[in-house]
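K.L.:
Next up, coords_7.txt (compact mmCIF, N, CA and C atoms).
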# COMPACT_ATOMS: atom_id res chain seq x y z
N MET J 3 7.64 12.07 -5.02
CA MET J 3 8.03 12.48 -3.69
C MET J 3 9.31 11.78 -3.31
N GLU J 4 10.22 12.51 -2.72
CA GLU J 4 11.49 11.95 -2.26
C GLU J 4 11.39 11.63 -0.77
N LEU J 5 11.77 10.44 -0.41
CA LEU J 5 11.75 10.03 0.99
C LEU J 5 13.18 9.95 1.50
N THR J 6 13.39 10.39 2.74
CA THR J 6 14.71 10.24 3.34
C THR J 6 14.98 8.76 3.60
N GLU J 7 16.22 8.41 3.73
CA GLU J 7 16.57 7.02 4.02
C GLU J 7 15.98 6.58 5.36
N ASP J 8 15.99 7.49 6.34
CA ASP J 8 15.41 7.17 7.64
C ASP J 8 13.92 6.84 7.51
N LEU J 9 13.20 7.64 6.76
CA LEU J 9 11.77 7.40 6.59
C LEU J 9 11.52 6.12 5.80
N ARG J 10 12.32 5.86 4.81
CA ARG J 10 12.20 4.60 4.06
C ARG J 10 12.37 3.40 4.99
N GLN J 11 13.34 3.48 5.88
CA GLN J 11 13.58 2.38 6.81
C GLN J 11 12.47 2.26 7.84
N ARG J 12 11.89 3.38 8.26
CA ARG J 12 10.75 3.33 9.18
C ARG J 12 9.54 2.69 8.49
N LEU J 13 9.31 3.03 7.23
CA LEU J 13 8.22 2.41 6.48
C LEU J 13 8.46 0.91 6.31
N LEU J 14 9.69 0.53 6.03
CA LEU J 14 10.02 -0.88 5.89
C LEU J 14 9.75 -1.63 7.18
N ALA J 15 10.25 -1.12 8.29
CA ALA J 15 10.04 -1.78 9.59
C ALA J 15 8.56 -1.89 9.91
N ALA J 16 7.80 -0.84 9.64
CA ALA J 16 6.36 -0.85 9.93
C ALA J 16 5.65 -1.87 9.04
N SER J 17 6.01 -1.93 7.77
CA SER J 17 5.37 -2.88 6.86
C SER J 17 5.67 -4.32 7.26
N LEU J 18 6.90 -4.59 7.66
CA LEU J 18 7.26 -5.93 8.10
C LEU J 18 6.53 -6.30 9.39
N GLN J 19 6.36 -5.30 10.28
CA GLN J 19 5.59 -5.51 11.50
C GLN J 19 4.14 -5.86 11.16
N ALA J 20 3.56 -5.13 10.23
CA ALA J 20 2.18 -5.41 9.81
C ALA J 20 2.10 -6.78 9.16
N ARG J 21 3.07 -7.12 8.34
CA ARG J 21 3.09 -8.42 7.66
C ARG J 21 3.06 -9.56 8.67
N ALA J 22 3.71 -9.39 9.79
CA ALA J 22 3.73 -10.41 10.84
C ALA J 22 2.34 -10.64 11.43
N ARG J 23 1.44 -9.68 11.24
CA ARG J 23 0.07 -9.80 11.76
C ARG J 23 -0.94 -10.20 10.68
N SER J 24 -0.46 -10.52 9.51
CA SER J 24 -1.33 -10.98 8.43
C SER J 24 -2.12 -12.20 8.87
N TYR J 25 -3.33 -12.31 8.35
CA TYR J 25 -4.13 -13.52 8.54
C TYR J 25 -4.23 -14.17 7.17
N SER J 26 -3.33 -15.10 6.91
CA SER J 26 -3.27 -15.72 5.58
C SER J 26 -3.09 -17.24 5.68
N PRO J 27 -4.04 -17.92 6.36
CA PRO J 27 -3.89 -19.36 6.55
C PRO J 27 -4.11 -20.18 5.28
N TYR J 28 -4.73 -19.62 4.27
CA TYR J 28 -5.05 -20.37 3.06
C TYR J 28 -3.95 -20.24 2.01
N SER J 29 -3.55 -19.04 1.70
CA SER J 29 -2.49 -18.85 0.71
C SER J 29 -1.10 -18.95 1.34
N ARG J 30 -1.02 -18.68 2.62
CA ARG J 30 0.27 -18.59 3.33
C ARG J 30 1.17 -17.55 2.70
N TYR J 31 0.56 -16.53 2.12
CA TYR J 31 1.28 -15.43 1.46
C TYR J 31 0.98 -14.15 2.23
N ALA J 32 1.77 -13.90 3.25
CA ALA J 32 1.56 -12.74 4.13
C ALA J 32 2.06 -11.47 3.45
N VAL J 33 1.23 -10.43 3.51
CA VAL J 33 1.57 -9.12 2.93
C VAL J 33 1.35 -8.05 4.00
N GLY J 34 2.27 -7.11 4.07
CA GLY J 34 2.13 -5.97 4.97
C GLY J 34 2.21 -4.69 4.18
N ALA J 35 1.55 -3.65 4.68
CA ALA J 35 1.61 -2.34 4.03
C ALA J 35 1.80 -1.27 5.10
N ALA J 36 2.64 -0.30 4.79
CA ALA J 36 2.83 0.87 5.63
C ALA J 36 2.58 2.08 4.75
N LEU J 37 1.58 2.85 5.11
CA LEU J 37 1.13 3.98 4.29
C LEU J 37 1.46 5.29 5.02
N LEU J 38 2.10 6.20 4.34
CA LEU J 38 2.44 7.51 4.88
C LEU J 38 1.38 8.51 4.45
N ASP J 39 0.80 9.23 5.41
CA ASP J 39 -0.22 10.22 5.05
C ASP J 39 0.36 11.62 4.95
N GLU J 40 -0.50 12.56 4.60
CA GLU J 40 -0.08 13.95 4.38
C GLU J 40 0.41 14.62 5.66
N GLN J 41 0.13 14.05 6.81
CA GLN J 41 0.59 14.61 8.08
C GLN J 41 1.88 13.95 8.56
N GLY J 42 2.41 13.03 7.75
CA GLY J 42 3.64 12.35 8.11
C GLY J 42 3.45 11.15 9.02
N ARG J 43 2.20 10.73 9.21
CA ARG J 43 1.91 9.57 10.06
C ARG J 43 1.92 8.29 9.23
N ILE J 44 2.32 7.20 9.86
CA ILE J 44 2.37 5.90 9.19
C ILE J 44 1.21 5.05 9.68
N HIS J 45 0.47 4.46 8.73
CA HIS J 45 -0.68 3.61 9.02
C HIS J 45 -0.39 2.22 8.48
N LEU J 46 -0.75 1.20 9.26
CA LEU J 46 -0.42 -0.18 8.92
C LEU J 46 -1.62 -0.95 8.39
N GLY J 47 -1.31 -1.95 7.59
CA GLY J 47 -2.33 -2.87 7.10
C GLY J 47 -1.69 -4.20 6.75
N ALA J 48 -2.47 -5.26 6.83
CA ALA J 48 -2.03 -6.59 6.44
C ALA J 48 -3.17 -7.28 5.72
N ASN J 49 -2.85 -8.25 4.89
CA ASN J 49 -3.91 -8.98 4.21
C ASN J 49 -4.65 -9.87 5.21
N MET J 50 -5.95 -9.96 5.01
CA MET J 50 -6.83 -10.74 5.87
C MET J 50 -7.66 -11.67 4.99
N GLU J 51 -7.34 -12.95 5.02
CA GLU J 51 -8.05 -13.91 4.18
C GLU J 51 -9.33 -14.38 4.87
N ASN J 52 -10.16 -15.05 4.09
CA ASN J 52 -11.43 -15.55 4.58
C ASN J 52 -11.70 -16.88 3.89
N ALA J 53 -12.26 -17.83 4.63
CA ALA J 53 -12.55 -19.14 4.04
C ALA J 53 -13.50 -19.02 2.85
N ALA J 54 -14.33 -18.00 2.85
CA ALA J 54 -15.24 -17.76 1.72
C ALA J 54 -14.54 -16.86 0.70
N TYR J 55 -13.56 -17.45 -0.01
CA TYR J 55 -12.86 -16.68 -1.05
C TYR J 55 -13.88 -16.04 -1.96
N PRO J 56 -13.78 -14.86 -2.44
CA PRO J 56 -12.70 -13.89 -2.24
C PRO J 56 -13.07 -12.81 -1.23
N GLN J 57 -13.64 -13.19 -0.12
CA GLN J 57 -14.13 -12.21 0.85
C GLN J 57 -13.06 -11.58 1.71
N GLY J 58 -11.81 -11.92 1.52
CA GLY J 58 -10.73 -11.29 2.28
C GLY J 58 -10.42 -9.92 1.73
N TRP J 59 -9.42 -9.26 2.32
CA TRP J 59 -9.01 -7.96 1.81
C TRP J 59 -7.51 -7.83 1.88
N CYS J 60 -7.00 -6.92 1.08
CA CYS J 60 -5.57 -6.72 0.91
C CYS J 60 -4.98 -5.80 1.96
N ALA J 61 -3.66 -5.88 2.10
CA ALA J 61 -2.94 -5.04 3.06
C ALA J 61 -3.11 -3.55 2.77
N GLU J 62 -3.08 -3.18 1.49
CA GLU J 62 -3.20 -1.77 1.13
C GLU J 62 -4.57 -1.22 1.51
N ALA J 63 -5.61 -2.01 1.31
CA ALA J 63 -6.96 -1.58 1.67
C ALA J 63 -7.08 -1.41 3.18
N THR J 64 -6.46 -2.31 3.94
CA THR J 64 -6.48 -2.20 5.39
C THR J 64 -5.76 -0.93 5.84
N ALA J 65 -4.62 -0.63 5.23
CA ALA J 65 -3.86 0.58 5.60
C ALA J 65 -4.63 1.85 5.22
N LEU J 66 -5.30 1.85 4.07
CA LEU J 66 -6.10 3.01 3.68
C LEU J 66 -7.23 3.24 4.67
N ALA J 67 -7.89 2.17 5.10
CA ALA J 67 -8.97 2.31 6.09
C ALA J 67 -8.42 2.84 7.41
N ALA J 68 -7.26 2.35 7.83
CA ALA J 68 -6.65 2.85 9.06
C ALA J 68 -6.32 4.34 8.95
N MET J 69 -5.82 4.75 7.78
CA MET J 69 -5.51 6.16 7.56
C MET J 69 -6.76 7.01 7.70
N ARG J 70 -7.83 6.61 7.05
CA ARG J 70 -9.07 7.39 7.10
C ARG J 70 -9.64 7.43 8.51
N MET J 71 -9.59 6.34 9.23
CA MET J 71 -10.12 6.30 10.60
C MET J 71 -9.30 7.18 11.54
N ALA J 72 -8.03 7.41 11.20
CA ALA J 72 -7.17 8.27 12.01
C ALA J 72 -7.25 9.74 11.56
N GLY J 73 -8.07 10.01 10.56
CA GLY J 73 -8.24 11.39 10.10
C GLY J 73 -7.38 11.79 8.93
N GLY J 74 -6.60 10.86 8.39
CA GLY J 74 -5.78 11.16 7.21
C GLY J 74 -6.64 11.31 5.97
N GLN J 75 -6.19 12.17 5.08
CA GLN J 75 -6.93 12.44 3.85
C GLN J 75 -6.23 11.93 2.59
N ARG J 76 -4.90 12.01 2.58
CA ARG J 76 -4.13 11.69 1.37
C ARG J 76 -2.95 10.79 1.71
N ALA J 77 -2.72 9.82 0.86
CA ALA J 77 -1.54 8.98 0.95
C ALA J 77 -0.42 9.65 0.17
N THR J 78 0.77 9.68 0.73
CA THR J 78 1.91 10.27 0.03
C THR J 78 2.95 9.23 -0.37
N ALA J 79 2.93 8.08 0.31
CA ALA J 79 3.81 6.96 -0.03
C ALA J 79 3.24 5.70 0.60
N VAL J 80 3.54 4.57 0.00
CA VAL J 80 3.15 3.28 0.57
C VAL J 80 4.26 2.28 0.30
N LEU J 81 4.58 1.50 1.33
CA LEU J 81 5.55 0.43 1.19
C LEU J 81 4.82 -0.88 1.42
N VAL J 82 4.92 -1.78 0.45
CA VAL J 82 4.26 -3.08 0.51
C VAL J 82 5.33 -4.14 0.61
N SER J 83 5.19 -5.05 1.59
CA SER J 83 6.17 -6.11 1.75
C SER J 83 5.52 -7.48 1.64
N GLY J 84 6.23 -8.36 0.97
CA GLY J 84 5.81 -9.75 0.81
C GLY J 84 6.92 -10.66 1.27
N PRO J 85 6.77 -11.96 1.04
CA PRO J 85 7.76 -12.91 1.53
C PRO J 85 9.05 -12.97 0.72
N GLY J 86 9.03 -12.46 -0.54
CA GLY J 86 10.17 -12.57 -1.42
C GLY J 86 10.26 -13.99 -1.97
N PRO J 87 11.15 -14.33 -2.83
CA PRO J 87 12.09 -13.41 -3.44
C PRO J 87 11.49 -12.58 -4.58
N ASP J 88 10.30 -12.97 -5.05
CA ASP J 88 9.68 -12.19 -6.13
C ASP J 88 9.22 -10.84 -5.61
N ILE J 89 9.33 -9.82 -6.45
CA ILE J 89 8.91 -8.47 -6.08
C ILE J 89 7.39 -8.41 -6.08
N ILE J 90 6.83 -7.82 -5.04
CA ILE J 90 5.39 -7.70 -4.88
C ILE J 90 4.96 -6.29 -5.27
N THR J 91 3.83 -6.17 -5.93
CA THR J 91 3.22 -4.87 -6.22
C THR J 91 1.76 -4.93 -5.79
N PRO J 92 1.14 -3.78 -5.57
CA PRO J 92 -0.30 -3.79 -5.28
C PRO J 92 -1.07 -4.41 -6.44
N CYS J 93 -2.12 -5.16 -6.12
CA CYS J 93 -2.96 -5.74 -7.16
C CYS J 93 -3.70 -4.61 -7.89
N GLY J 94 -4.36 -4.93 -8.96
CA GLY J 94 -5.09 -3.92 -9.74
C GLY J 94 -6.13 -3.19 -8.92
N GLY J 95 -6.90 -3.93 -8.12
CA GLY J 95 -7.92 -3.31 -7.29
C GLY J 95 -7.32 -2.34 -6.28
N CYS J 96 -6.20 -2.72 -5.69
CA CYS J 96 -5.56 -1.84 -4.70
C CYS J 96 -4.92 -0.62 -5.37
N ARG J 97 -4.46 -0.78 -6.58
CA ARG J 97 -3.94 0.38 -7.31
C ARG J 97 -5.05 1.42 -7.46
N GLN J 98 -6.26 0.96 -7.79
CA GLN J 98 -7.38 1.89 -7.93
C GLN J 98 -7.79 2.45 -6.57
N LYS J 99 -7.76 1.64 -5.51
CA LYS J 99 -8.07 2.14 -4.17
C LYS J 99 -7.07 3.20 -3.74
N LEU J 100 -5.80 2.97 -4.01
CA LEU J 100 -4.78 3.97 -3.69
C LEU J 100 -5.02 5.25 -4.48
N ARG J 101 -5.45 5.12 -5.72
CA ARG J 101 -5.71 6.28 -6.58
C ARG J 101 -6.81 7.16 -6.00
N GLU J 102 -7.74 6.57 -5.28
CA GLU J 102 -8.82 7.33 -4.67
C GLU J 102 -8.30 8.33 -3.64
N PHE J 103 -7.19 7.98 -2.98
CA PHE J 103 -6.66 8.81 -1.90
C PHE J 103 -5.27 9.36 -2.20
N ALA J 104 -4.87 9.30 -3.47
CA ALA J 104 -3.56 9.82 -3.87
C ALA J 104 -3.58 10.13 -5.35
N GLY J 105 -2.65 10.96 -5.75
CA GLY J 105 -2.52 11.27 -7.17
C GLY J 105 -1.53 10.35 -7.84
N PRO J 106 -1.33 10.56 -9.12
CA PRO J 106 -0.42 9.72 -9.89
C PRO J 106 1.02 9.73 -9.37
N GLU J 107 1.38 10.76 -8.60
CA GLU J 107 2.74 10.88 -8.09
C GLU J 107 3.01 10.03 -6.85
N LEU J 108 1.99 9.33 -6.32
CA LEU J 108 2.17 8.50 -5.13
C LEU J 108 3.36 7.57 -5.32
N LEU J 109 4.25 7.55 -4.34
CA LEU J 109 5.41 6.67 -4.37
C LEU J 109 5.03 5.32 -3.78
N ILE J 110 5.30 4.26 -4.53
CA ILE J 110 5.02 2.89 -4.09
C ILE J 110 6.35 2.14 -4.04
N LEU J 111 6.66 1.61 -2.86
CA LEU J 111 7.90 0.86 -2.67
C LEU J 111 7.56 -0.61 -2.43
N ALA J 112 8.37 -1.50 -2.98
CA ALA J 112 8.20 -2.94 -2.81
C ALA J 112 9.36 -3.47 -2.00
N ALA J 113 9.04 -4.35 -1.04
CA ALA J 113 10.08 -4.89 -0.17
C ALA J 113 9.77 -6.33 0.20
N ASP J 114 10.78 -6.94 0.81
CA ASP J 114 10.63 -8.25 1.43
C ASP J 114 11.50 -8.21 2.69
N PRO J 115 11.60 -9.29 3.44
CA PRO J 115 12.37 -9.23 4.68
C PRO J 115 13.84 -8.81 4.48
N GLY J 116 14.35 -8.92 3.27
CA GLY J 116 15.71 -8.51 2.99
C GLY J 116 15.89 -7.03 2.73
N GLY J 117 14.79 -6.29 2.56
CA GLY J 117 14.88 -4.85 2.34
C GLY J 117 14.03 -4.38 1.17
N ILE J 118 14.19 -3.11 0.86
CA ILE J 118 13.45 -2.49 -0.24
C ILE J 118 14.06 -2.93 -1.56
N ARG J 119 13.22 -3.41 -2.47
CA ARG J 119 13.69 -3.96 -3.73
C ARG J 119 13.49 -3.04 -4.93
N GLN J 120 12.38 -2.31 -4.94
CA GLN J 120 12.08 -1.49 -6.11
C GLN J 120 11.07 -0.42 -5.72
N GLN J 121 10.96 0.61 -6.55
CA GLN J 121 9.93 1.63 -6.32
C GLN J 121 9.42 2.16 -7.65
N TRP J 122 8.18 2.65 -7.60
CA TRP J 122 7.51 3.22 -8.76
C TRP J 122 6.63 4.36 -8.26
N THR J 123 6.08 5.09 -9.22
CA THR J 123 4.97 5.99 -8.90
C THR J 123 3.69 5.25 -9.27
N LEU J 124 2.58 5.71 -8.72
CA LEU J 124 1.31 5.11 -9.08
C LEU J 124 1.05 5.26 -10.58
N GLU J 125 1.48 6.37 -11.15
CA GLU J 125 1.33 6.59 -12.59
C GLU J 125 2.00 5.49 -13.40
N GLN J 126 3.15 5.02 -12.92
CA GLN J 126 3.84 3.94 -13.63
C GLN J 126 3.10 2.62 -13.53
N LEU J 127 2.45 2.37 -12.39
CA LEU J 127 1.72 1.12 -12.20
C LEU J 127 0.27 1.18 -12.67
N LEU J 128 -0.28 2.39 -12.79
CA LEU J 128 -1.67 2.57 -13.19
C LEU J 128 -1.74 3.78 -14.14
N PRO J 129 -1.21 3.63 -15.35
CA PRO J 129 -1.19 4.77 -16.27
C PRO J 129 -2.59 5.16 -16.74
N PHE J 130 -2.75 6.43 -17.03
CA PHE J 130 -4.01 6.96 -17.54
C PHE J 130 -5.19 6.61 -16.62
N SER J 131 -4.95 6.77 -15.32
CA SER J 131 -5.94 6.33 -14.32
C SER J 131 -7.16 7.24 -14.27
N PHE J 132 -8.21 6.67 -13.73
CA PHE J 132 -9.47 7.37 -13.48
C PHE J 132 -9.53 7.65 -11.99
N GLY J 133 -9.73 8.93 -11.64
CA GLY J 133 -9.74 9.30 -10.23
C GLY J 133 -10.90 10.20 -9.88
N PRO J 134 -11.00 10.58 -8.63
CA PRO J 134 -12.13 11.39 -8.15
C PRO J 134 -12.32 12.69 -8.92
N GLU J 135 -11.24 13.27 -9.40
CA GLU J 135 -11.38 14.55 -10.12
C GLU J 135 -12.16 14.40 -11.43
N HIS J 136 -12.26 13.19 -11.95
CA HIS J 136 -13.05 12.96 -13.16
C HIS J 136 -14.56 13.09 -12.91
N LEU J 137 -14.95 12.99 -11.66
CA LEU J 137 -16.37 13.04 -11.32
C LEU J 137 -16.82 14.38 -10.75
N LYS J 138 -15.90 15.32 -10.63
CA LYS J 138 -16.28 16.64 -10.08
C LYS J 138 -17.11 17.42 -11.10
N LEU J 139 -18.15 18.06 -10.58
CA LEU J 139 -19.01 18.87 -11.45
C LEU J 139 -18.56 20.30 -11.51
Do you think you could lay out the structure here as structure tokens?

P.N.:
Amino acid sequence: MELTEDLRQRLLAASLQARARSYSPYSRYAVGAALLDEQGRIHLGANMENAAYPQGWCAEATALAAMRMAGGQRATAVLVSGPGPDIITPCGGCRQKLREFAGPELLILAADPGGIRQQWTLEQLLPFSFGPEHLKL
């Protein structure tokens, strides 16, 4: 999927806004996610840590839950932002969670406060994935 520069910047701003609301007192590694749904709406998520590791949850999972609660069915793009300077990608578990609500063509963008650093498709980050269509009878 091709995103306009305006939409890319809106996703970046939203992800950084979500990152500012992260609850990460233990790792001090705040992550924000801005997920675009099939209706063109942006849903936010941030990582939420818990003293009882590993009971916290990731920014992407929070954004997916927000999308579903708002009536969204499919993710079409997601921008994940971290503190930098290293490029952040969704963890393995979040890659599979994203796969549940998107196909291999899902666009994933990585950013930090300095801007968008890189992008991939879900297929590139999770090749030969297993998805809901494998379970259809």

K.L.:
Which is closer to Gly105 in chain J than all the others in J:Leu127, J:Ala77, J:Ala32, J:Ile90, using all atoms listed in the file?

P.N.:
J:Ala77

K.L.:
I need the residues in range 63-125 of chain J that are alpha helix (DSSP H) according to DSSP; give them as a ChimeraX atom specification.

P.N.:
/J:63-71,94-102,124-125

K.L.:
Between J:Ser29, J:Gly94, J:Gly133, J:Leu109, which is the closest to Gln121 in chain J once you count only N, CA and C atoms?

P.N.:
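The answer is J:Leu109, which sits nearest to Gln121 in chain J.
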
K.L.:
Using only C-alpha atoms, which residue out of J:Ala20, J:Ala113, J:Leu81, J:Met69 lies closest to Ala48 in chain J?

P.N.:
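Selected residue with least distance to Ala48 in chain J: J:Ala20.
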
K.L.:
From the options J:Leu124, J:Asp88, J:Asp114, J:Pro134, which residue's atoms come nearest to Glu102 in chain J, counting only C-alpha atoms?

P.N.:
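Closest to Glu102 in chain J, using only C-alpha atoms: J:Pro134.
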
K.L.:
Using only C-alpha atoms for the distances, tell me which of J:Ala54, J:Leu13, J:Ala112, J:Ala104 is nearest to Pro87 in chain J.

P.N.:
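Nearest candidate to Pro87 in chain J out of J:Ala54, J:Leu13, J:Ala112, J:Ala104: J:Ala112.
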
K.L.:
DSSP on the backbone, then: every residue of chain J marked strand (DSSP E or B), written as a PyMOL selection string.

P.N.:
chain J and resi 25+34-39+44-48+50+59+77-83+109-114+117-123

K.L.:
Take atom N of Ile110 in chain J and atom C of Val80 in chain J and report the distance between them in Å, one decimal.

P.N.:
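Between these atoms lies a distance of 5.3 Å.
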
K.L.:
Please list, as a PDB file with N, CA and C atoms, in the coordinates of the input, the residues that have an atom at most 5 Å away from (0.2, -7.9, 0.0) in the coordinates of this file, counting all atoms listed in the file.

P.N.:
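Written file, selection36.pdb:
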ATOM      1  N   VAL J  33       1.230 -10.430   3.510  1.00  0.00           N
ATOM      2  CA  VAL J  33       1.570  -9.120   2.930  1.00  0.00           C
ATOM      3  C   VAL J  33       1.350  -8.050   4.000  1.00  0.00           C
ATOM      4  N   GLY J  34       2.270  -7.110   4.070  1.00  0.00           N
ATOM      5  CA  GLY J  34       2.130  -5.970   4.970  1.00  0.00           C
ATOM      6  C   GLY J  34       2.210  -4.690   4.180  1.00  0.00           C
ATOM      7  N   ALA J  61      -3.660  -5.880   2.100  1.00  0.00           N
ATOM      8  CA  ALA J  61      -2.940  -5.040   3.060  1.00  0.00           C
ATOM      9  C   ALA J  61      -3.110  -3.550   2.770  1.00  0.00           C
TER      10      ALA J  61
END

K.L.:
With only C-alpha atoms as the atoms that count, which of J:Ala67, J:Ala79, J:Ile89, J:Leu46 lies nearest to Leu108 in chain J?

P.N.:
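Ranked by minimum distance to Leu108 in chain J, first place goes to J:Ala79.
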